[in-house]
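Participant: Got a file for you: work-v7.cif, mmCIF, C-alpha atoms.
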data_run
#
loop_
_atom_site.label_atom_id
_atom_site.label_comp_id
_atom_site.auth_asym_id
_atom_site.auth_seq_id
_atom_site.Cartn_x
_atom_site.Cartn_y
_atom_site.Cartn_z
CA MET K 14 127.64 73.92 119.56
CA ALA K 15 127.61 70.15 119.76
CA ASP K 16 124.31 68.46 120.63
CA LEU K 17 124.74 65.63 123.14
CA LYS K 18 121.18 65.43 124.46
CA GLY K 19 120.46 61.85 125.48
CA LYS K 20 124.16 61.00 125.80
CA VAL K 21 125.66 59.64 129.02
CA ALA K 22 129.12 60.80 130.05
CA VAL K 23 131.51 60.07 132.91
CA VAL K 24 134.25 62.54 133.86
CA THR K 25 136.76 61.44 136.49
CA GLY K 26 138.46 63.91 138.80
CA ALA K 27 135.85 66.60 138.22
CA SER K 28 135.71 68.55 141.48
CA ARG K 29 137.78 71.31 139.90
CA GLY K 30 140.31 72.07 137.17
CA VAL K 31 140.25 70.46 133.76
CA GLY K 32 137.85 67.75 134.92
CA LYS K 33 135.28 70.30 136.01
CA GLY K 34 135.73 72.18 132.75
CA VAL K 35 135.16 69.02 130.73
CA ALA K 36 131.98 68.30 132.68
CA LEU K 37 130.71 71.84 132.01
CA GLY K 38 131.49 71.56 128.32
CA LEU K 39 129.51 68.34 128.10
CA GLY K 40 126.73 69.83 130.20
CA GLU K 41 126.23 72.82 127.93
CA ALA K 42 125.87 70.33 125.07
CA GLY K 43 122.99 68.69 126.96
CA ALA K 44 124.62 65.48 128.20
CA THR K 45 123.93 63.60 131.41
CA VAL K 46 127.28 63.82 133.18
CA TYR K 47 128.42 61.69 136.10
CA VAL K 48 131.25 63.49 137.86
CA THR K 49 133.57 61.61 140.18
CA GLY K 50 136.23 62.58 142.66
CA ARG K 51 136.82 62.73 146.39
CA THR K 52 135.75 66.25 147.39
CA ILE K 53 132.17 66.45 148.60
CA GLU K 54 132.40 69.34 151.05
CA ASP K 55 134.01 72.78 150.89
CA GLY K 56 137.23 73.17 152.82
CA LYS K 57 138.19 69.51 152.59
CA ALA K 58 140.76 69.97 149.83
CA GLU K 59 143.79 72.16 149.15
CA LEU K 60 141.96 74.01 146.36
CA PRO K 61 138.34 75.17 146.08
CA GLY K 62 135.70 73.10 144.30
CA THR K 63 133.44 70.15 145.08
CA LEU K 64 131.59 67.49 143.11
CA PRO K 65 128.12 68.84 144.03
CA GLN K 66 129.15 72.29 142.82
CA THR K 67 130.34 70.87 139.51
CA ALA K 68 127.15 68.84 139.10
CA ASP K 69 124.97 71.88 139.85
CA GLU K 70 126.80 73.93 137.23
CA VAL K 71 126.42 71.13 134.67
CA THR K 72 122.67 71.14 135.28
CA HIS K 73 122.51 74.95 135.17
CA LEU K 74 124.14 74.87 131.72
CA GLY K 75 121.49 72.54 130.33
CA GLY K 76 122.77 69.06 131.07
CA LYS K 77 122.17 66.80 134.05
CA GLY K 78 124.97 66.63 136.58
CA ILE K 79 125.26 63.65 138.91
CA PRO K 80 127.99 63.77 141.58
CA VAL K 81 129.41 60.47 142.86
CA ARG K 82 132.22 60.26 145.36
CA CYS K 83 134.75 57.74 144.07
CA ASP K 84 138.39 57.25 145.01
CA HIS K 85 140.00 56.07 141.77
CA ARG K 86 142.80 54.42 143.73
CA ASN K 87 140.25 51.94 145.01
CA ASP K 88 139.27 49.38 142.37
CA GLN K 89 136.21 48.24 144.31
CA GLU K 90 134.84 51.77 144.45
CA VAL K 91 135.44 52.22 140.73
CA GLU K 92 133.73 48.93 139.89
CA ALA K 93 130.76 49.82 142.10
CA PHE K 94 130.50 53.22 140.44
CA PHE K 95 130.33 51.79 136.93
CA LYS K 96 127.79 49.20 138.05
CA ARG K 97 125.65 52.05 139.29
CA VAL K 98 125.92 53.84 135.94
CA SER K 99 125.07 50.58 134.15
CA ASP K 100 122.03 50.00 136.38
CA GLU K 101 120.80 53.57 135.94
CA GLN K 102 121.62 54.19 132.27
CA GLY K 103 122.37 50.84 130.62
CA HIS K 104 125.36 52.22 128.73
CA ILE K 105 128.00 54.95 128.60
CA ASP K 106 128.64 57.12 125.55
CA ILE K 107 131.64 59.13 126.76
CA LEU K 108 134.35 58.46 129.34
CA VAL K 109 136.87 61.18 130.09
CA ASN K 110 139.82 59.93 132.12
CA ASN K 111 141.04 63.10 133.78
CA VAL K 112 141.85 62.09 137.37
CA TRP K 113 145.57 62.45 138.00
CA GLY K 114 148.00 62.17 140.91
CA GLY K 115 151.43 63.67 141.34
CA TYR K 116 150.69 67.39 141.38
CA GLU K 117 150.35 67.45 145.17
CA ASN K 118 153.12 68.62 147.45
CA LEU K 119 155.15 70.51 144.87
CA PHE K 120 157.04 71.93 147.83
CA GLU K 121 158.53 69.61 150.43
CA HIS K 122 160.32 70.99 153.49
CA GLY K 123 160.34 74.37 151.79
CA GLU K 124 161.94 73.05 148.58
CA TYR K 125 160.29 73.06 145.12
CA THR K 126 160.84 69.45 144.07
CA TRP K 127 158.98 69.25 140.74
CA GLU K 128 162.00 70.20 138.60
CA LEU K 129 164.62 68.20 140.49
CA PRO K 130 166.57 65.60 138.47
CA PHE K 131 165.00 62.15 138.55
CA TRP K 132 167.51 60.81 141.07
CA GLU K 133 166.35 63.42 143.57
CA GLN K 134 162.62 63.08 142.94
CA PRO K 135 160.49 61.79 145.84
CA LEU K 136 159.51 58.20 145.13
CA TRP K 137 155.89 58.82 146.07
CA ARG K 138 155.49 61.01 142.99
CA TRP K 139 156.07 58.06 140.64
CA GLU K 140 153.45 56.02 142.48
CA ALA K 141 151.01 58.92 142.45
CA MET K 142 151.31 59.49 138.69
CA PHE K 143 150.99 55.85 137.79
CA GLN K 144 148.57 54.67 140.50
CA SER K 145 146.29 57.72 140.49
CA GLY K 146 146.92 58.51 136.84
CA VAL K 147 147.77 55.88 134.24
CA ARG K 148 146.40 52.96 136.22
CA ALA K 149 143.28 54.89 137.17
CA HIS K 150 142.67 55.56 133.47
CA PHE K 151 143.06 51.88 132.68
CA VAL K 152 140.75 50.72 135.47
CA ALA K 153 137.98 53.17 134.57
CA SER K 154 138.28 52.18 130.91
CA ARG K 155 138.26 48.51 131.90
CA PHE K 156 134.83 48.90 133.50
CA ALA K 157 133.41 51.38 131.00
CA ALA K 158 134.41 49.53 127.83
CA PRO K 159 131.87 46.68 128.13
CA LEU K 160 129.07 49.25 128.38
CA MET K 161 130.31 50.76 125.11
CA VAL K 162 131.10 47.49 123.34
CA ASN K 163 127.60 46.16 124.01
CA HIS K 164 126.18 49.42 122.66
CA ARG K 165 128.64 49.33 119.72
CA SER K 166 129.55 52.98 120.09
CA GLY K 167 131.42 55.24 122.44
CA LEU K 168 134.35 57.56 123.04
CA ILE K 169 137.12 57.33 125.63
CA VAL K 170 139.25 60.45 126.10
CA ASN K 171 142.49 60.28 128.08
CA ILE K 172 143.69 63.71 129.18
CA SER K 173 147.40 63.82 128.34
CA TYR K 174 150.01 66.44 127.50
CA PHE K 175 152.94 67.36 125.26
CA ALA K 176 155.31 65.92 127.87
CA ALA K 177 154.55 62.54 126.27
CA LYS K 178 156.56 63.68 123.25
CA LYS K 179 159.12 66.10 124.69
CA TYR K 180 161.01 66.50 127.95
CA ILE K 181 159.24 69.12 130.08
CA SER K 182 161.03 69.57 133.40
CA ASN K 183 160.20 66.20 134.99
CA VAL K 184 161.19 62.66 133.92
CA LEU K 185 158.36 61.03 135.86
CA TYR K 186 155.74 63.27 134.28
CA GLY K 187 156.94 62.64 130.74
CA THR K 188 157.11 58.90 131.28
CA SER K 189 153.59 58.75 132.68
CA LYS K 190 152.13 60.85 129.87
CA ALA K 191 153.90 58.69 127.27
CA ALA K 192 152.34 55.66 128.97
CA THR K 193 148.96 57.38 128.75
CA ASP K 194 149.36 57.85 125.00
CA ARG K 195 150.45 54.23 124.57
CA LEU K 196 147.38 53.14 126.52
CA THR K 197 145.27 55.24 124.17
CA ALA K 198 146.79 53.76 121.02
CA ASP K 199 146.51 50.15 122.15
CA MET K 200 142.98 50.44 123.54
CA ALA K 201 141.97 52.10 120.28
CA HIS K 202 143.37 49.12 118.37
CA GLU K 203 141.23 46.66 120.30
CA LEU K 204 138.05 48.76 120.42
CA ARG K 205 137.90 49.95 116.81
CA VAL K 206 136.01 46.87 115.63
CA TYR K 207 133.28 47.73 118.16
CA HIS K 208 133.00 51.31 116.86
CA VAL K 209 134.46 52.72 120.07
CA ALA K 210 137.06 55.47 119.65
CA VAL K 211 139.89 56.30 122.04
CA VAL K 212 141.97 59.49 121.88
CA SER K 213 144.49 61.38 123.96
CA LEU K 214 143.76 65.07 124.38
CA TYR K 215 146.40 67.77 124.90
CA PRO K 216 145.24 71.03 126.48
CA GLY K 217 147.38 74.15 126.31
CA LEU K 218 147.97 76.32 129.37
CA VAL K 219 144.70 75.97 131.25
CA ARG K 220 143.45 78.52 133.76
CA THR K 221 142.81 75.99 136.50
CA GLU K 222 142.57 76.99 140.14
CA ARG K 223 146.19 75.95 140.68
CA VAL K 224 147.45 77.92 137.66
CA LEU K 225 145.52 81.03 138.68
CA GLU K 226 146.87 80.71 142.22
CA ALA K 227 150.37 80.91 140.75
CA GLY K 228 149.38 83.39 138.05
CA ARG K 229 152.43 85.58 138.52
CA PHE K 230 154.56 82.71 137.21
CA HIS K 231 152.53 82.22 134.02
CA GLN K 232 151.95 84.24 130.88
CA LEU K 233 148.19 83.79 130.46
CA GLY K 234 147.73 85.66 127.19
CA ASN K 235 147.30 82.44 125.21
CA SER K 236 145.69 80.39 127.95
CA GLU K 237 142.52 78.31 127.87
CA SER K 238 139.59 78.02 130.24
CA PRO K 239 138.88 74.52 131.59
CA GLN K 240 135.53 74.60 129.79
CA PHE K 241 137.36 75.02 126.47
CA ILE K 242 138.67 71.47 126.91
CA GLY K 243 135.10 70.35 127.56
CA ARG K 244 133.96 71.91 124.32
CA ALA K 245 136.64 69.94 122.50
CA VAL K 246 135.41 66.69 124.05
CA ALA K 247 131.82 67.57 123.15
CA ALA K 248 132.80 68.26 119.54
CA LEU K 249 134.63 64.94 119.32
CA ALA K 250 131.71 63.06 120.82
CA ALA K 251 129.31 64.62 118.30
CA ASP K 252 131.56 63.87 115.29
CA PRO K 253 130.06 61.01 113.23
CA GLN K 254 133.53 60.37 111.78
CA ILE K 255 135.27 60.10 115.16
CA LEU K 256 136.71 56.67 114.33
CA GLN K 257 139.00 58.40 111.84
CA LYS K 258 140.76 59.95 114.84
CA THR K 259 140.92 56.91 117.09
CA GLY K 260 144.33 56.18 118.58
CA GLN K 261 145.60 59.71 118.00
CA ALA K 262 146.87 62.45 120.29
CA LEU K 263 144.84 65.60 119.56
CA VAL K 264 145.49 69.23 120.54
CA VAL K 265 142.49 71.09 121.98
CA ALA K 266 143.16 74.42 120.23
CA GLU K 267 143.60 72.66 116.87
CA LEU K 268 140.24 70.94 117.36
CA ALA K 269 138.66 74.34 118.07
CA ARG K 270 139.76 75.55 114.66
CA LYS K 271 138.62 72.36 112.96
CA TYR K 272 135.19 72.21 114.61
CA GLY K 273 134.64 75.97 114.81
CA PHE K 274 134.15 76.55 118.53
CA ALA K 275 135.68 79.27 120.70
CA ASP K 276 136.54 79.60 124.36
CA ILE K 277 134.00 80.95 126.86
CA ASP K 278 135.45 84.46 126.41
CA ALA K 279 134.91 84.11 122.62
CA LYS K 280 138.67 83.99 122.07
CA GLN K 281 140.41 81.43 119.87
CA PRO K 282 143.57 80.26 121.67
CA ARG K 283 146.52 79.53 119.42
CA PRO K 284 147.59 75.87 119.31
CA LEU K 285 150.91 75.27 121.05
CA THR K 286 153.76 73.49 119.32
CA LEU K 287 156.44 71.22 120.75
CA ASP K 288 158.92 74.07 120.43
CA GLU K 289 156.80 76.27 122.71
CA VAL K 290 156.01 73.93 125.59
#
Take the structure I supplied and represent it as structure tokens, if you would.
Facilitator:
Amino acid sequence: MADLKGKVAVVTGASRGVGKGVALGLGEAGATVYVTGRTIEDGKAELPGTLPQTADEVTHLGGKGIPVRCDHRNDQEVEAFFKRVSDEQGHIDILVNNVWGGYENLFEHGEYTWELPFWEQPLWRWEAMFQSGVRAHFVASRFAAPLMVNHRSGLIVNISYFAAKKYISNVLYGTSKAATDRLTADMAHELRVYHVAVVSLYPGLVRTERVLEAGRFHQLGNSESPQFIGRAVAALAADPQILQKTGQALVVAELARKYGFADIDAKQPRPLTLDEV
């Protein structure tokens, strides 16, 4: 297992889902993990999970979890959050941009709208994916990067998906994920000289709360736990040769084989291919 004791990490959108799993994976490696999001209390969101719960689990696994409410649509809140981390820690070693908009309200007026053609898509979904997704990743990176540049080390991970490279049921989704990967590549170009790496990370089918809720629609035999994605981030962060991967889009299950870690159930999920997604 990777050893990240003494490292400082930030995971955005970590009340539940992939973000929570990433935080847990970093926590079990011993990192101090700031987890951000909007859900502080039970029952205040569509799905279960809160920031304090995530932080407590991070600490239970051997790290130090610090929950901070932050709406990543609000630049002032994001700036204030990173100032707090700077004041408390002096630097950031790992930033995981996971927060994402656009998955809400898959059904509108009783109709499943996710797979409608682009000319019938609700316009709010574009704004959600870019404002609460791509732009949120940029803004968090904008405030985290100086804390890495001054330290002359660091890793930024943008959670992305195969839709960046292949049409998967929704034009808006593919466009936003392609933008995420472009953001990764160009930030990597500018940060390399400061020994800061930037990568996109592609999970497979992840057993998030939303996926499990709709389990009858998914074949979960080759699925991944959210914490599996966290173990991939931890392995990347502990890799002394991480700059060799900067700017790339990496597949979680392929990294598991390379770095030799398994999922929490000791299984080794098979990496997906573009033909399968």
Participant: Excluding same-chain residues fewer than 3 positions from Ala251 (chain K), what lies within 7 Å of it counting only C-alpha atoms, as a list in words?
Facilitator: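 Non-adjacent residues within range: Ala15, Asp16, Leu17, Ala247 and Ala248 of chain K.
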Participant: Choose the residue, out of K:Gln257, K:Ser154, K:Gln102, K:Thr49, that has the smallest atom-to-atom separation from Arg82 (chain K); count all atoms listed in the file.
Facilitator: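 Of all the options, K:Thr49 lies closest to Arg82 (chain K).
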Participant: Given the file shown, enumerate the residues that the PyMOL selection byres ((chain K and resi 199-212) around 9) captures and present them as a PDB file with C-alpha atoms, in the frame of the given file.
Facilitator:
ATOM      1  CA  SER K 154     138.280  52.180 130.910  1.00  0.00           C
ATOM      2  CA  ALA K 158     134.410  49.530 127.830  1.00  0.00           C
ATOM      3  CA  MET K 161     130.310  50.760 125.110  1.00  0.00           C
ATOM      4  CA  VAL K 162     131.100  47.490 123.340  1.00  0.00           C
ATOM      5  CA  ASN K 163     127.600  46.160 124.010  1.00  0.00           C
ATOM      6  CA  HIS K 164     126.180  49.420 122.660  1.00  0.00           C
ATOM      7  CA  ARG K 165     128.640  49.330 119.720  1.00  0.00           C
ATOM      8  CA  SER K 166     129.550  52.980 120.090  1.00  0.00           C
ATOM      9  CA  GLY K 167     131.420  55.240 122.440  1.00  0.00           C
ATOM     10  CA  LEU K 168     134.350  57.560 123.040  1.00  0.00           C
ATOM     11  CA  ILE K 169     137.120  57.330 125.630  1.00  0.00           C
ATOM     12  CA  VAL K 170     139.250  60.450 126.100  1.00  0.00           C
ATOM     13  CA  ASN K 171     142.490  60.280 128.080  1.00  0.00           C
ATOM     14  CA  ILE K 172     143.690  63.710 129.180  1.00  0.00           C
ATOM     15  CA  ASP K 194     149.360  57.850 125.000  1.00  0.00           C
ATOM     16  CA  ARG K 195     150.450  54.230 124.570  1.00  0.00           C
ATOM     17  CA  LEU K 196     147.380  53.140 126.520  1.00  0.00           C
ATOM     18  CA  THR K 197     145.270  55.240 124.170  1.00  0.00           C
ATOM     19  CA  ALA K 198     146.790  53.760 121.020  1.00  0.00           C
ATOM     20  CA  SER K 213     144.490  61.380 123.960  1.00  0.00           C
ATOM     21  CA  LEU K 214     143.760  65.070 124.380  1.00  0.00           C
ATOM     22  CA  ILE K 255     135.270  60.100 115.160  1.00  0.00           C
ATOM     23  CA  LEU K 256     136.710  56.670 114.330  1.00  0.00           C
ATOM     24  CA  GLN K 257     139.000  58.400 111.840  1.00  0.00           C
ATOM     25  CA  LYS K 258     140.760  59.950 114.840  1.00  0.00           C
ATOM     26  CA  THR K 259     140.920  56.910 117.090  1.00  0.00           C
ATOM     27  CA  GLY K 260     144.330  56.180 118.580  1.00  0.00           C
ATOM     28  CA  GLN K 261     145.600  59.710 118.000  1.00  0.00           C
ATOM     29  CA  ALA K 262     146.870  62.450 120.290  1.00  0.00           C
ATOM     30  CA  LEU K 263     144.840  65.600 119.560  1.00  0.00           C
TER      31      LEU K 263
END
Participant: Got a sec: who's within 10 Å of region 149-153 of chain K, counting only C-alpha atoms, leaving out chain neighbours fewer than 4 positions off, as a ChimeraX atom specification?
Facilitator: /K:23,25,84-88,91-92,94-95,108-114,142-145,157-158,169-172,193,196-197,200
Participant: Kindly give the distance, in Å, that separates CA of Pro61 (chain K) and CA of Leu225 (chain K), rounded to a single decimal.
Facilitator: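 Between CA of Pro61 (chain K) and CA of Leu225 (chain K) the gap is 11.9 Å.
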Participant: Calculate how many Å separate CA of Asp276 (chain K) from CA of Leu74 (chain K), rounding to one decimal.
Facilitator: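 Going from CA of Asp276 (chain K) over to CA of Leu74 (chain K) covers 15.2 Å.
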Participant: What is the CA of Gln240 (chain K) to CA of Phe156 (chain K) distance in Å?
Facilitator: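 Taking CA of Gln240 (chain K) as the start and CA of Phe156 (chain K) as the end point, the length is 26.0 Å.
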Participant: What are the closest atom pairs, with distances in Å to one decimal, for all residues of region 157-246 of chain K lying within 9 Å of region 117-136 of chain K? Consider all atoms listed in the file, order rows by chain and residue number, and present the result as a Markdown table.
Facilitator:
| residue | atom | partner | partner_atom | distance |
| --- | --- | --- | --- | --- |
| K:Ser182 | CA | K:Glu128 | CA | 5.3 |
| K:Asn183 | CA | K:Glu128 | CA | 5.7 |
| K:Val184 | CA | K:Phe131 | CA | 6.0 |
| K:Leu185 | CA | K:Phe131 | CA | 7.3 |
Participant: Evaluating the PyMOL selection byres ((chain K and resi 78) around 6) on the displayed file yields which residues, as a list in words?
Facilitator: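 Against this file, the PyMOL selection byres ((chain K and resi 78) around 6) returns the residues Val46, Ala68, Val71, Thr72, Lys77 and Ile79 of chain K.
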